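Student: data-v5.csv is reproduced in full below (CSV, C-alpha atoms and all ligand atoms).
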```csv
chain,number,residue,atom,x,y,z
M,30,MET,CA,18.0,-57.8,23.7
M,31,ASN,CA,15.9,-60.9,22.7
M,32,SER,CA,13.9,-61.0,19.5
M,33,ARG,CA,10.6,-60.3,21.3
M,34,SER,CA,11.8,-57.0,22.8
M,35,GLN,CA,13.6,-56.1,19.6
M,36,ILE,CA,10.3,-56.3,17.7
M,37,THR,CA,8.1,-54.8,20.3
M,38,LYS,CA,10.1,-51.6,20.2
M,39,HIS,CA,9.0,-51.3,16.6
M,40,ILE,CA,5.3,-51.6,17.3
M,41,SER,CA,4.3,-48.1,16.1
M,42,ARG,CA,6.2,-48.6,12.9
M,43,LEU,CA,4.9,-52.1,12.3
M,44,ARG,CA,1.3,-50.7,12.5
M,45,ARG,CA,2.0,-47.7,10.4
M,46,GLU,CA,3.8,-49.6,7.6
M,47,LEU,CA,1.2,-52.4,7.5
M,48,LEU,CA,-1.7,-50.0,7.3
M,49,ALA,CA,0.0,-47.9,4.6
M,50,TRP,CA,0.6,-51.1,2.6
M,51,TYR,CA,-3.1,-52.1,3.1
M,52,ASP,CA,-4.3,-48.7,2.1
M,53,GLN,CA,-2.4,-49.0,-1.2
M,54,THR,CA,-2.4,-52.7,-2.1
M,55,GLY,CA,-4.9,-54.5,0.2
M,56,ARG,CA,-7.4,-56.8,-1.6
M,57,THR,CA,-10.8,-55.7,-2.8
M,58,LEU,CA,-13.3,-58.3,-1.8
M,59,PRO,CA,-17.0,-58.2,-2.4
M,60,TRP,CA,-17.9,-58.1,1.4
M,61,ARG,CA,-15.0,-55.8,2.3
M,62,ILE,CA,-15.4,-52.0,3.0
M,63,ARG,CA,-12.0,-50.5,2.1
M,64,PRO,CA,-10.9,-47.2,3.6
M,65,GLU,CA,-11.9,-45.3,0.4
M,66,ASP,CA,-15.4,-47.0,0.6
M,67,ARG,CA,-15.7,-45.7,4.1
M,68,GLU,CA,-14.9,-42.2,3.0
M,69,ASN,CA,-17.9,-42.6,0.6
M,70,GLY,CA,-20.1,-43.4,3.5
M,71,ASP,CA,-20.2,-47.2,3.1
M,72,VAL,CA,-20.4,-49.3,6.3
M,73,PRO,CA,-19.7,-53.0,6.8
M,74,ASP,CA,-22.7,-55.3,6.9
M,75,PRO,CA,-22.2,-57.7,9.9
M,76,TYR,CA,-24.4,-60.3,8.1
M,77,ALA,CA,-22.3,-60.3,5.0
M,78,ILE,CA,-19.1,-60.3,7.0
M,79,TRP,CA,-20.2,-63.1,9.2
M,80,LEU,CA,-21.3,-65.2,6.1
M,81,SER,CA,-17.9,-64.6,4.4
M,82,GLU,CA,-15.9,-65.5,7.5
M,83,ILE,CA,-17.8,-68.7,8.2
M,84,MET,CA,-17.6,-69.7,4.5
M,85,MET,CA,-14.0,-68.9,3.8
M,86,GLN,CA,-12.7,-71.0,6.7
M,87,GLN,CA,-10.9,-74.1,5.3
M,88,THR,CA,-11.3,-73.0,1.7
M,89,THR,CA,-9.9,-70.5,-0.7
M,90,ILE,CA,-11.5,-67.1,-1.4
M,91,ALA,CA,-11.8,-68.1,-5.1
M,92,HIS,CA,-13.8,-71.3,-4.2
M,93,GLY,CA,-15.9,-69.7,-1.4
M,94,THR,CA,-16.9,-66.4,-3.1
M,95,PRO,CA,-19.6,-67.9,-5.4
M,96,TYR,CA,-21.2,-69.6,-2.4
M,97,TRP,CA,-21.2,-66.2,-0.6
M,98,GLU,CA,-22.8,-64.6,-3.6
M,99,LYS,CA,-25.4,-67.3,-3.9
M,100,PHE,CA,-26.4,-67.2,-0.2
M,101,LEU,CA,-26.7,-63.4,-0.2
M,102,LYS,CA,-28.8,-63.5,-3.3
M,103,ARG,CA,-31.2,-66.2,-2.0
M,104,PHE,CA,-31.2,-64.9,1.6
M,105,PRO,CA,-30.6,-61.1,1.5
M,106,LEU,CA,-31.2,-60.7,5.3
M,107,VAL,CA,-30.2,-62.8,8.3
M,108,SER,CA,-33.9,-63.3,9.0
M,109,ASP,CA,-34.4,-64.8,5.5
M,110,LEU,CA,-31.6,-67.3,6.3
M,111,ALA,CA,-33.2,-68.0,9.7
M,112,ASP,CA,-36.6,-68.7,8.0
M,113,ALA,CA,-35.1,-71.0,5.4
M,114,ASP,CA,-35.6,-74.7,5.3
M,115,ARG,CA,-32.4,-76.4,6.6
M,116,ASP,CA,-32.3,-78.9,3.8
M,117,GLU,CA,-32.1,-76.1,1.3
M,118,ILE,CA,-29.2,-74.5,3.3
M,119,MET,CA,-27.4,-77.9,3.4
M,120,ALA,CA,-27.9,-78.4,-0.4
M,121,MET,CA,-26.6,-74.9,-1.1
M,122,TRP,CA,-23.6,-75.5,1.2
M,123,ALA,CA,-22.7,-78.8,-0.5
M,124,GLY,CA,-19.1,-78.7,-1.8
M,125,LEU,CA,-17.9,-76.3,0.9
M,126,GLY,CA,-17.2,-79.1,3.4
M,127,TYR,CA,-17.3,-79.0,7.2
M,128,TYR,CA,-21.0,-79.3,7.3
M,129,ALA,CA,-21.4,-78.6,11.0
M,130,ARG,CA,-20.7,-75.0,9.9
M,131,ALA,CA,-23.9,-74.9,7.8
M,132,ARG,CA,-26.0,-76.3,10.6
M,133,ASN,CA,-24.6,-73.7,13.0
M,134,LEU,CA,-25.1,-71.0,10.4
M,135,HIS,CA,-28.8,-71.8,10.5
M,136,LYS,CA,-29.0,-72.0,14.3
M,137,CYS,CA,-27.1,-68.7,14.7
M,138,ALA,CA,-29.3,-66.9,12.2
M,139,GLN,CA,-32.4,-68.1,14.2
M,140,ILE,CA,-30.9,-66.9,17.4
M,141,ILE,CA,-30.2,-63.5,15.9
M,142,ARG,CA,-33.7,-63.3,14.5
M,143,ASP,CA,-35.4,-64.5,17.8
M,144,GLU,CA,-33.2,-63.0,20.5
M,145,PHE,CA,-31.5,-60.0,19.0
M,146,GLY,CA,-34.3,-58.6,16.7
M,147,GLY,CA,-32.3,-59.4,13.6
M,148,GLU,CA,-29.2,-57.4,14.6
M,149,PHE,CA,-25.8,-58.9,15.3
M,150,PRO,CA,-24.6,-58.3,18.9
M,151,ARG,CA,-21.9,-55.6,18.9
M,152,SER,CA,-19.1,-57.0,21.1
M,153,GLU,CA,-16.6,-59.9,20.8
M,154,LYS,CA,-17.8,-61.3,24.1
M,155,ALA,CA,-21.5,-61.5,23.0
M,156,LEU,CA,-20.6,-62.8,19.5
M,157,LEU,CA,-18.6,-65.6,21.0
M,158,LYS,CA,-21.8,-67.0,22.7
M,159,LEU,CA,-23.4,-67.7,19.3
M,160,PRO,CA,-23.3,-71.1,17.7
M,161,GLY,CA,-20.5,-71.6,15.2
M,162,ILE,CA,-18.7,-68.3,16.1
M,163,GLY,CA,-15.3,-69.0,17.6
M,164,PRO,CA,-12.6,-66.6,18.8
M,165,TYR,CA,-11.3,-65.8,15.3
M,166,THR,CA,-14.7,-65.0,13.9
M,167,ALA,CA,-15.9,-63.1,17.0
M,168,ALA,CA,-12.7,-61.0,16.9
M,169,THR,CA,-13.0,-60.3,13.2
M,170,ILE,CA,-16.7,-59.2,13.2
M,171,ALA,CA,-16.2,-57.1,16.3
M,172,ALA,CA,-13.2,-55.3,14.8
M,173,ILE,CA,-14.5,-54.8,11.3
M,174,CYS,CA,-18.1,-54.0,12.0
M,175,PHE,CA,-18.0,-52.4,15.5
M,176,ASN,CA,-14.5,-51.0,15.6
M,177,GLU,CA,-13.6,-53.0,18.8
M,178,PRO,CA,-9.9,-53.4,19.3
M,179,THR,CA,-9.5,-57.2,19.2
M,180,ASN,CA,-6.7,-59.6,18.3
M,181,ILE,CA,-7.6,-61.3,15.0
M,182,VAL,CA,-5.5,-64.5,14.6
M,183,ASP,CA,-6.1,-67.1,11.9
M,184,GLY,CA,-3.7,-69.5,10.2
M,185,ASN,CA,-2.3,-66.8,7.9
M,186,VAL,CA,-1.7,-64.5,10.9
M,187,GLU,CA,0.0,-67.3,12.9
M,188,ARG,CA,2.4,-67.8,10.0
M,189,VAL,CA,3.3,-64.1,9.7
M,190,ILE,CA,3.8,-63.8,13.5
M,191,ALA,CA,5.9,-67.0,13.7
M,192,ARG,CA,8.2,-65.5,11.0
M,193,LEU,CA,8.3,-62.0,12.4
M,194,PHE,CA,9.5,-63.4,15.8
M,195,ALA,CA,11.3,-66.4,14.3
M,196,GLU,CA,9.3,-68.5,16.7
M,197,SER,CA,10.2,-72.1,16.2
M,198,ALA,CA,7.8,-73.8,18.7
M,199,PRO,CA,5.7,-76.1,16.6
M,200,LEU,CA,2.0,-75.6,15.8
M,201,PRO,CA,-0.6,-76.4,17.1
M,202,LYS,CA,0.9,-76.2,20.5
M,203,SER,CA,2.4,-72.7,19.8
M,204,LYS,CA,-1.1,-71.2,19.0
M,205,PRO,CA,-1.5,-69.5,22.4
M,206,LEU,CA,2.0,-68.1,22.3
M,207,LEU,CA,1.6,-66.7,18.7
M,208,ARG,CA,-1.7,-65.1,19.8
M,209,ASP,CA,0.1,-63.5,22.7
M,210,LEU,CA,2.9,-62.2,20.4
M,211,ALA,CA,0.3,-60.8,18.0
M,212,ALA,CA,-1.8,-59.0,20.6
M,213,PRO,CA,0.3,-56.0,21.5
M,214,ILE,CA,1.0,-55.2,17.8
M,215,ALA,CA,-2.7,-55.0,16.8
M,216,ASP,CA,-3.7,-51.4,16.1
M,217,PRO,CA,-6.4,-50.1,18.5
M,218,LYS,CA,-7.3,-47.1,16.2
M,219,ARG,CA,-8.1,-49.1,13.0
M,220,PRO,CA,-8.7,-52.6,14.4
M,221,GLY,CA,-10.7,-53.8,11.4
M,222,ASP,CA,-8.3,-52.5,8.8
M,223,TYR,CA,-5.3,-53.8,10.7
M,224,GLY,CA,-6.8,-57.3,11.0
M,225,GLN,CA,-7.7,-57.4,7.4
M,226,ALA,CA,-4.3,-56.1,6.4
M,227,LEU,CA,-2.5,-58.8,8.4
M,228,MET,CA,-4.7,-61.5,6.9
M,229,ASP,CA,-4.0,-60.1,3.4
M,230,LEU,CA,-0.2,-60.0,4.2
M,231,GLY,CA,-0.4,-63.8,5.1
M,232,GLY,CA,-2.6,-64.6,2.1
M,233,THR,CA,-0.7,-62.7,-0.6
M,234,VAL,CA,2.9,-61.9,0.5
M,235,CYS,CA,3.9,-64.1,3.5
M,236,THR,CA,2.7,-67.2,1.8
M,237,PRO,CA,3.5,-70.7,3.1
M,238,LYS,CA,6.1,-71.9,0.6
M,239,THR,CA,7.6,-68.9,-1.1
M,240,PRO,CA,7.1,-65.7,0.8
M,241,ARG,CA,7.7,-62.6,-1.2
M,242,CYS,CA,9.7,-60.7,1.4
M,243,GLU,CA,10.8,-58.1,-1.1
M,244,ASN,CA,7.2,-56.8,-1.1
M,245,CYS,CA,6.7,-57.0,2.6
M,246,PRO,CA,6.1,-53.9,4.8
M,247,TRP,CA,7.4,-55.8,7.8
M,248,GLN,CA,10.7,-56.9,6.3
M,249,PHE,CA,12.6,-54.2,8.3
M,250,ALA,CA,11.8,-56.0,11.6
M,251,CYS,CA,11.3,-59.6,10.5
M,252,LYS,CA,13.6,-62.1,12.3
M,253,ALA,CA,13.0,-64.9,9.9
M,254,PHE,CA,13.9,-62.7,6.9
M,255,GLU,CA,17.0,-61.6,8.8
M,256,ALA,CA,18.0,-65.2,9.3
M,257,GLY,CA,17.4,-65.9,5.7
M,258,ASN,CA,15.0,-68.8,6.3
M,259,PRO,CA,11.4,-67.6,6.4
M,260,ALA,CA,9.9,-70.7,4.9
M,261,PHE,CA,11.2,-72.7,7.9
M,262,TYR,CA,8.5,-71.1,10.1
M,263,PRO,CA,6.0,-72.0,11.4
M,264,GLN,CA,7.1,-75.5,12.4
M,265,LYS,CA,4.3,-78.1,12.6
M,266,ILE,CA,4.1,-81.3,14.6
M,267,LYS,CA,3.8,-84.0,12.0
M,268,ARG,CA,1.3,-86.7,12.6
M,269,ASN,CA,0.5,-89.8,10.5
M,270,GLN,CA,-3.1,-89.6,9.2
M,271,PRO,CA,-5.0,-92.8,10.2
M,272,ILE,CA,-6.8,-94.6,7.4
M,273,LYS,CA,-10.4,-95.8,7.7
M,274,TYR,CA,-12.2,-98.1,5.4
M,275,GLY,CA,-15.8,-98.4,4.3
M,276,ALA,CA,-18.1,-99.9,1.7
M,277,ALA,CA,-20.8,-98.0,-0.2
M,278,PHE,CA,-23.5,-99.2,-2.5
M,279,ALA,CA,-25.0,-97.3,-5.4
M,280,LEU,CA,-28.4,-98.6,-6.2
M,281,LEU,CA,-29.4,-97.1,-9.6
M,282,CYS,CA,-32.8,-96.9,-11.2
M,283,GLY,CA,-34.0,-94.9,-14.2
M,284,GLY,CA,-31.4,-92.2,-13.9
M,285,GLN,CA,-31.8,-91.9,-10.1
M,286,VAL,CA,-29.6,-93.1,-7.2
M,287,LEU,CA,-30.7,-94.1,-3.7
M,288,LEU,CA,-29.2,-92.0,-1.0
M,289,ARG,CA,-29.7,-91.9,2.8
M,290,ARG,CA,-29.4,-89.1,5.3
M,291,ARG,CA,-26.5,-89.2,7.8
M,292,PRO,CA,-27.3,-88.6,11.5
M,293,ASP,CA,-27.5,-84.9,12.4
M,294,LYS,CA,-24.6,-85.0,14.8
M,295,GLY,CA,-21.1,-85.8,13.7
M,296,LEU,CA,-19.1,-85.8,10.4
M,297,LEU,CA,-21.1,-84.8,7.4
M,298,GLY,CA,-24.1,-84.5,9.7
M,299,GLY,CA,-27.5,-84.2,7.9
M,300,MET,CA,-25.9,-84.7,4.5
M,301,LEU,CA,-26.7,-87.5,2.0
M,302,GLU,CA,-24.6,-90.5,1.4
M,303,LEU,CA,-24.7,-93.9,-0.4
M,304,PRO,CA,-26.0,-96.6,1.9
M,305,GLY,CA,-23.1,-98.7,3.2
M,306,SER,CA,-21.0,-99.9,6.1
M,307,PRO,CA,-19.7,-97.9,9.1
M,308,TRP,CA,-16.1,-96.5,8.6
M,309,ASP,CA,-13.6,-98.5,10.5
M,310,GLU,CA,-9.9,-99.0,10.8
M,311,LYS,CA,-10.1,-102.4,9.2
M,312,PRO,CA,-12.2,-103.2,6.0
M,313,SER,CA,-15.5,-105.0,6.8
M,314,ALA,CA,-15.3,-108.8,6.4
M,315,GLN,CA,-18.8,-108.8,5.0
M,316,PRO,CA,-19.4,-105.5,3.3
M,317,GLN,CA,-22.5,-106.8,1.4
M,318,SER,CA,-24.4,-107.2,4.6
M,319,PHE,CA,-24.6,-103.4,4.6
M,320,ALA,CA,-26.1,-103.1,1.1
M,321,PRO,CA,-29.6,-101.6,0.9
M,322,VAL,CA,-31.0,-104.7,-1.0
M,323,ASP,CA,-29.8,-108.2,-1.8
M,324,ARG,CA,-28.4,-108.1,-5.3
M,325,ASN,CA,-25.5,-109.1,-7.4
M,326,TRP,CA,-23.3,-106.1,-6.6
M,327,GLU,CA,-20.7,-105.1,-9.2
M,328,ARG,CA,-17.5,-103.7,-7.6
M,329,CYS,CA,-16.5,-100.3,-9.2
M,330,GLY,CA,-13.3,-99.4,-7.3
M,331,GLU,CA,-12.2,-97.3,-4.5
M,332,VAL,CA,-12.7,-93.6,-3.6
M,333,LYS,CA,-10.2,-91.9,-1.4
M,334,HIS,CA,-11.2,-88.8,0.6
M,335,VAL,CA,-9.2,-86.9,3.1
M,336,PHE,CA,-10.9,-85.5,6.2
M,337,THR,CA,-9.1,-83.4,8.8
M,338,HIS,CA,-8.3,-86.3,11.1
M,339,PHE,CA,-8.2,-89.4,8.8
M,340,GLU,CA,-8.2,-90.6,5.3
M,341,LEU,CA,-11.2,-92.6,4.1
M,342,ARG,CA,-11.0,-95.4,1.5
M,343,LEU,CA,-14.5,-96.2,0.3
M,344,GLU,CA,-15.0,-99.4,-1.7
M,345,VAL,CA,-17.9,-98.6,-4.1
M,346,SER,CA,-20.3,-101.2,-5.7
M,347,ARG,CA,-23.2,-100.7,-7.9
M,348,ALA,CA,-26.4,-102.5,-9.0
M,349,GLU,CA,-29.2,-101.4,-11.4
M,350,ILE,CA,-32.8,-102.2,-10.8
M,351,SER,CA,-35.8,-101.6,-13.1
M,352,THR,CA,-38.4,-100.7,-10.5
M,353,ARG,CA,-37.9,-98.5,-7.5
M,354,GLU,CA,-38.5,-100.3,-4.2
M,355,LYS,CA,-40.1,-98.7,-1.2
M,356,THR,CA,-37.5,-96.9,0.8
M,357,ASP,CA,-36.8,-96.2,4.5
M,358,PRO,CA,-38.0,-92.7,5.6
M,359,ASN,CA,-34.4,-91.7,5.9
M,360,GLU,CA,-33.7,-92.6,2.2
M,361,VAL,CA,-34.4,-90.6,-0.9
M,362,TRP,CA,-34.1,-91.2,-4.7
M,363,VAL,CA,-32.1,-88.4,-6.2
M,364,PRO,CA,-31.8,-87.7,-10.0
M,365,LEU,CA,-28.2,-88.2,-11.1
M,366,ASP,CA,-28.4,-85.0,-13.2
M,367,ASP,CA,-29.6,-82.8,-10.3
M,368,LEU,CA,-27.3,-83.7,-7.4
M,369,SER,CA,-26.6,-80.1,-6.7
M,370,SER,CA,-30.3,-79.5,-5.7
M,371,PHE,CA,-29.7,-81.9,-2.8
M,372,ALA,CA,-27.4,-82.0,0.3
M,373,VAL,CA,-24.9,-84.1,-1.5
M,374,PRO,CA,-21.3,-83.6,-0.2
M,375,THR,CA,-18.2,-84.1,-2.4
M,376,LEU,CA,-17.4,-87.6,-1.0
M,377,THR,CA,-20.8,-88.8,-2.1
M,378,LYS,CA,-20.5,-87.1,-5.5
M,379,LYS,CA,-17.1,-88.8,-6.1
M,380,ALA,CA,-18.6,-92.3,-5.2
M,381,ILE,CA,-21.6,-91.7,-7.4
M,382,LEU,CA,-19.4,-90.7,-10.3
M,383,LEU,CA,-17.4,-93.8,-9.9
M,384,ALA,CA,-20.5,-96.0,-9.8
M,385,ASN,CA,-22.0,-94.3,-12.8
M,386,LYS,CA,-19.0,-94.4,-15.1
M,387,ASP,CA,-19.6,-96.2,-18.4
M,401,LIG,S1,9.7,-60.4,5.6
M,401,LIG,FE1,9.1,-62.3,4.6
M,401,LIG,S2,8.9,-63.8,6.2
M,401,LIG,FE2,8.9,-61.8,7.2
M,401,LIG,S3,6.8,-61.3,7.5
M,401,LIG,FE3,7.4,-60.4,5.5
M,401,LIG,S4,7.0,-61.9,3.9
M,401,LIG,FE4,6.9,-62.9,5.9
```
Represent the supplied structure as structure tokens.

Tutor:
Amino acid sequence: MNSRSQITKHISRLRRELLAWYDQTGRTLPWRIRPEDRENGDVPDPYAIWLSEIMMQQTTIAHGTPYWEKFLKRFPLVSDLADADRDEIMAMWAGLGYYARARNLHKCAQIIRDEFGGEFPRSEKALLKLPGIGPYTAATIAAICFNEPTNIVDGNVERVIARLFAESAPLPKSKPLLRDLAAPIADPKRPGDYGQALMDLGGTVCTPKTPRCENCPWQFACKAFEAGNPAFYPQKIKRNQPIKYGAAFALLCGGQVLLRRRPDKGLLGGMLELPGSPWDEKPSAQPQSFAPVDRNWERCGEVKHVFTHFELRLEVSRAEISTREKTDPNEVWVPLDDLSSFAVPTLTKKAILLANKD
């Protein structure tokens, strides 16, 4: 019997043990309705769940939770978010990264207000049509909020499933296979709890480097545990991160810095940056030709920033002027002590910090 059929014969027990573990030790999160909450009559709020799922992608719960709290306080209803000014949303999102998510968040809220009367659609299929909602988020909202039996698979779940089956095909190519392996195990009776349980298992027990198999409800069936090498899974195709170079210029005046808005489409779309050169695989031969004004620019050093597909090395220079000059409509003077009120991403903050060091 191969490992797949050995595991699939345990499906009922895998579901039962995982849900029992979740009922006892699953995480309490501010947006989560736990089984005991449900018994008290609480129901999940699709708006709060959607916000949490979009925000917690690519970041930790500890980092993302204050953003979730801040957004819900400022925009208690999806229609409040839809009515908001996009610049305010971008400024509140600054620091969470992947800024296309913030733009899509706004667009999605407007569609829900305008086309769905302020109510989230209730099926995975309909949710998938909304901007910024991919297969994982659609499956999660449909299962948690509307009890639809879906197959929730994120990076944590991929890791658990790869280990359970000792599947050594490397990511990302193995994603469809891992999804197929996960599907028959998903519990159709408690789809939301099952999905959250599996994500909790990956987030707290079956962790990337040192899984705590002694606390795992799936140890009895786990092929990687049986082989004694859980951390070997999942394998990943290694790729060398390309490096790009750019030059950025911090023009300072009376405690303010000149920033410009990036184009709406693309990386850091709609966010503010220091004026500078395009980012290229070779450093620019004449970086100063991209400076906002002709000055004696003082070089401050280099900022390194890692994006998903490349590493950026940004050479930062600074100049101080005594009178602010007229700016392009795409540029804005921003107080150095109030960067958080503007759509200033982490990269720009790092560059400004370097330029403004004594
Ligand atoms: S037994 Fe260990 S490797 Fe297997 S699923 Fe559990 S924590 Fe992960």

Student: So which one's closest to Thr233 of chain M, M:Asn185, M:Thr88, M:Ser152, M:Asn269? Using only C-alpha atoms, please.

Tutor: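 Closest residue, counting only C-alpha atoms: M:Asn185.
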
Student: Grab the atom CA of Asp66 of chain M to atom CA of Gln87 of chain M distance for me, in Å with one decimal place.

Tutor: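 Distance reported for this atom pair: 27.9 Å.
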
Student: Within 12 Å of ligand LIG 401 (chain M), counting only C-alpha atoms and all ligand atoms, which protein or nucleic acid residues do you find, written as an mmCIF file with C-alpha atoms, in the frame of the given file?

Tutor:
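Written out: part_23.cif:
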```
data_model
loop_
_atom_site.group_PDB
_atom_site.id
_atom_site.type_symbol
_atom_site.label_atom_id
_atom_site.label_comp_id
_atom_site.auth_asym_id
_atom_site.auth_seq_id
_atom_site.Cartn_x
_atom_site.Cartn_y
_atom_site.Cartn_z
ATOM 1 C CA ILE M 36 10.300 -56.300 17.700
ATOM 2 C CA LEU M 43 4.900 -52.100 12.300
ATOM 3 C CA GLU M 46 3.800 -49.600 7.600
ATOM 4 C CA LEU M 47 1.200 -52.400 7.500
ATOM 5 C CA TRP M 50 0.600 -51.100 2.600
ATOM 6 C CA ASN M 185 -2.300 -66.800 7.900
ATOM 7 C CA VAL M 186 -1.700 -64.500 10.900
ATOM 8 C CA GLU M 187 0.000 -67.300 12.900
ATOM 9 C CA ARG M 188 2.400 -67.800 10.000
ATOM 10 C CA VAL M 189 3.300 -64.100 9.700
ATOM 11 C CA ILE M 190 3.800 -63.800 13.500
ATOM 12 C CA ALA M 191 5.900 -67.000 13.700
ATOM 13 C CA ARG M 192 8.200 -65.500 11.000
ATOM 14 C CA LEU M 193 8.300 -62.000 12.400
ATOM 15 C CA PHE M 194 9.500 -63.400 15.800
ATOM 16 C CA ALA M 195 11.300 -66.400 14.300
ATOM 17 C CA GLU M 196 9.300 -68.500 16.700
ATOM 18 C CA LEU M 227 -2.500 -58.800 8.400
ATOM 19 C CA MET M 228 -4.700 -61.500 6.900
ATOM 20 C CA ASP M 229 -4.000 -60.100 3.400
ATOM 21 C CA LEU M 230 -0.200 -60.000 4.200
ATOM 22 C CA GLY M 231 -0.400 -63.800 5.100
ATOM 23 C CA GLY M 232 -2.600 -64.600 2.100
ATOM 24 C CA THR M 233 -0.700 -62.700 -0.600
ATOM 25 C CA VAL M 234 2.900 -61.900 0.500
ATOM 26 C CA CYS M 235 3.900 -64.100 3.500
ATOM 27 C CA THR M 236 2.700 -67.200 1.800
ATOM 28 C CA PRO M 237 3.500 -70.700 3.100
ATOM 29 C CA LYS M 238 6.100 -71.900 0.600
ATOM 30 C CA THR M 239 7.600 -68.900 -1.100
ATOM 31 C CA PRO M 240 7.100 -65.700 0.800
ATOM 32 C CA ARG M 241 7.700 -62.600 -1.200
ATOM 33 C CA CYS M 242 9.700 -60.700 1.400
ATOM 34 C CA GLU M 243 10.800 -58.100 -1.100
ATOM 35 C CA ASN M 244 7.200 -56.800 -1.100
ATOM 36 C CA CYS M 245 6.700 -57.000 2.600
ATOM 37 C CA PRO M 246 6.100 -53.900 4.800
ATOM 38 C CA TRP M 247 7.400 -55.800 7.800
ATOM 39 C CA GLN M 248 10.700 -56.900 6.300
ATOM 40 C CA PHE M 249 12.600 -54.200 8.300
ATOM 41 C CA ALA M 250 11.800 -56.000 11.600
ATOM 42 C CA CYS M 251 11.300 -59.600 10.500
ATOM 43 C CA LYS M 252 13.600 -62.100 12.300
ATOM 44 C CA ALA M 253 13.000 -64.900 9.900
ATOM 45 C CA PHE M 254 13.900 -62.700 6.900
ATOM 46 C CA GLU M 255 17.000 -61.600 8.800
ATOM 47 C CA ALA M 256 18.000 -65.200 9.300
ATOM 48 C CA GLY M 257 17.400 -65.900 5.700
ATOM 49 C CA ASN M 258 15.000 -68.800 6.300
ATOM 50 C CA PRO M 259 11.400 -67.600 6.400
ATOM 51 C CA ALA M 260 9.900 -70.700 4.900
ATOM 52 C CA PHE M 261 11.200 -72.700 7.900
ATOM 53 C CA TYR M 262 8.500 -71.100 10.100
ATOM 54 C CA PRO M 263 6.000 -72.000 11.400
#
```

Student: Write out as a ChimeraX atom specification the residues lying within 9 Å of segment 100-104 of chain M, counting all atoms listed in the file and excluding same-chain residues fewer than 5 positions away.

Tutor: /M:77,80,95,109-111,113,118,121-122

Student: Would you give me, as a Markdown table, each residue of segment 99-176 of chain M having an atom within 12 Å of an atom of segment 288-296 of chain M, along with its shortest atom pair and that distance in Å to one decimal, using only C-alpha atoms and sorting by chain and residue number?

Tutor:
```
| residue | atom | partner | partner_atom | distance |
| --- | --- | --- | --- | --- |
| M:Arg115 | CA | M:Asp293 | CA | 11.4 |
| M:Asp116 | CA | M:Arg290 | CA | 10.7 |
| M:Met119 | CA | M:Asp293 | CA | 11.4 |
| M:Gly126 | CA | M:Leu296 | CA | 9.9 |
| M:Tyr127 | CA | M:Leu296 | CA | 7.7 |
| M:Tyr128 | CA | M:Leu296 | CA | 7.4 |
| M:Ala129 | CA | M:Leu296 | CA | 7.6 |
| M:Arg130 | CA | M:Leu296 | CA | 10.9 |
| M:Ala131 | CA | M:Asp293 | CA | 11.6 |
| M:Arg132 | CA | M:Asp293 | CA | 8.9 |
| M:Asn133 | CA | M:Lys294 | CA | 11.4 |
```

Student: Can you complete the atoms of segment 312-322 of chain M to N, CA and C atoms and list them as a PDB file, in the frame of the given file?

Tutor:
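Saved file out-v7.pdb follows:
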```
ATOM      1  N   PRO M 312     -11.053-102.990   6.963  1.00  0.00           N
ATOM      2  CA  PRO M 312     -12.200-103.200   6.000  1.00  0.00           C
ATOM      3  C   PRO M 312     -13.159-104.211   6.614  1.00  0.00           C
ATOM      4  N   SER M 313     -14.447-104.019   6.335  1.00  0.00           N
ATOM      5  CA  SER M 313     -15.500-105.000   6.800  1.00  0.00           C
ATOM      6  C   SER M 313     -15.284-106.328   6.176  1.00  0.00           C
ATOM      7  N   ALA M 314     -15.430-107.404   6.985  1.00  0.00           N
ATOM      8  CA  ALA M 314     -15.300-108.800   6.400  1.00  0.00           C
ATOM      9  C   ALA M 314     -16.469-109.091   5.519  1.00  0.00           C
ATOM     10  N   GLN M 315     -17.633-108.507   5.809  1.00  0.00           N
ATOM     11  CA  GLN M 315     -18.800-108.800   5.000  1.00  0.00           C
ATOM     12  C   GLN M 315     -19.517-107.536   4.563  1.00  0.00           C
ATOM     13  N   PRO M 316     -18.871-106.788   3.679  1.00  0.00           N
ATOM     14  CA  PRO M 316     -19.400-105.500   3.300  1.00  0.00           C
ATOM     15  C   PRO M 316     -20.844-105.588   2.739  1.00  0.00           C
ATOM     16  N   GLN M 317     -21.138-106.687   2.030  1.00  0.00           N
ATOM     17  CA  GLN M 317     -22.500-106.800   1.400  1.00  0.00           C
ATOM     18  C   GLN M 317     -23.606-106.834   2.362  1.00  0.00           C
ATOM     19  N   SER M 318     -23.307-107.173   3.619  1.00  0.00           N
ATOM     20  CA  SER M 318     -24.400-107.200   4.600  1.00  0.00           C
ATOM     21  C   SER M 318     -24.917-105.784   4.868  1.00  0.00           C
ATOM     22  N   PHE M 319     -24.178-104.767   4.426  1.00  0.00           N
ATOM     23  CA  PHE M 319     -24.600-103.400   4.600  1.00  0.00           C
ATOM     24  C   PHE M 319     -25.314-102.810   3.379  1.00  0.00           C
ATOM     25  N   ALA M 320     -25.457-103.627   2.328  1.00  0.00           N
ATOM     26  CA  ALA M 320     -26.100-103.100   1.100  1.00  0.00           C
ATOM     27  C   ALA M 320     -27.579-102.914   1.329  1.00  0.00           C
ATOM     28  N   PRO M 321     -28.181-101.940   0.635  1.00  0.00           N
ATOM     29  CA  PRO M 321     -29.600-101.600   0.900  1.00  0.00           C
ATOM     30  C   PRO M 321     -30.538-102.761   0.434  1.00  0.00           C
ATOM     31  N   VAL M 322     -30.150-103.540  -0.592  1.00  0.00           N
ATOM     32  CA  VAL M 322     -31.000-104.700  -1.000  1.00  0.00           C
ATOM     33  C   VAL M 322     -30.038-105.824  -1.393  1.00  0.00           C
TER      34      VAL M 322
END
```
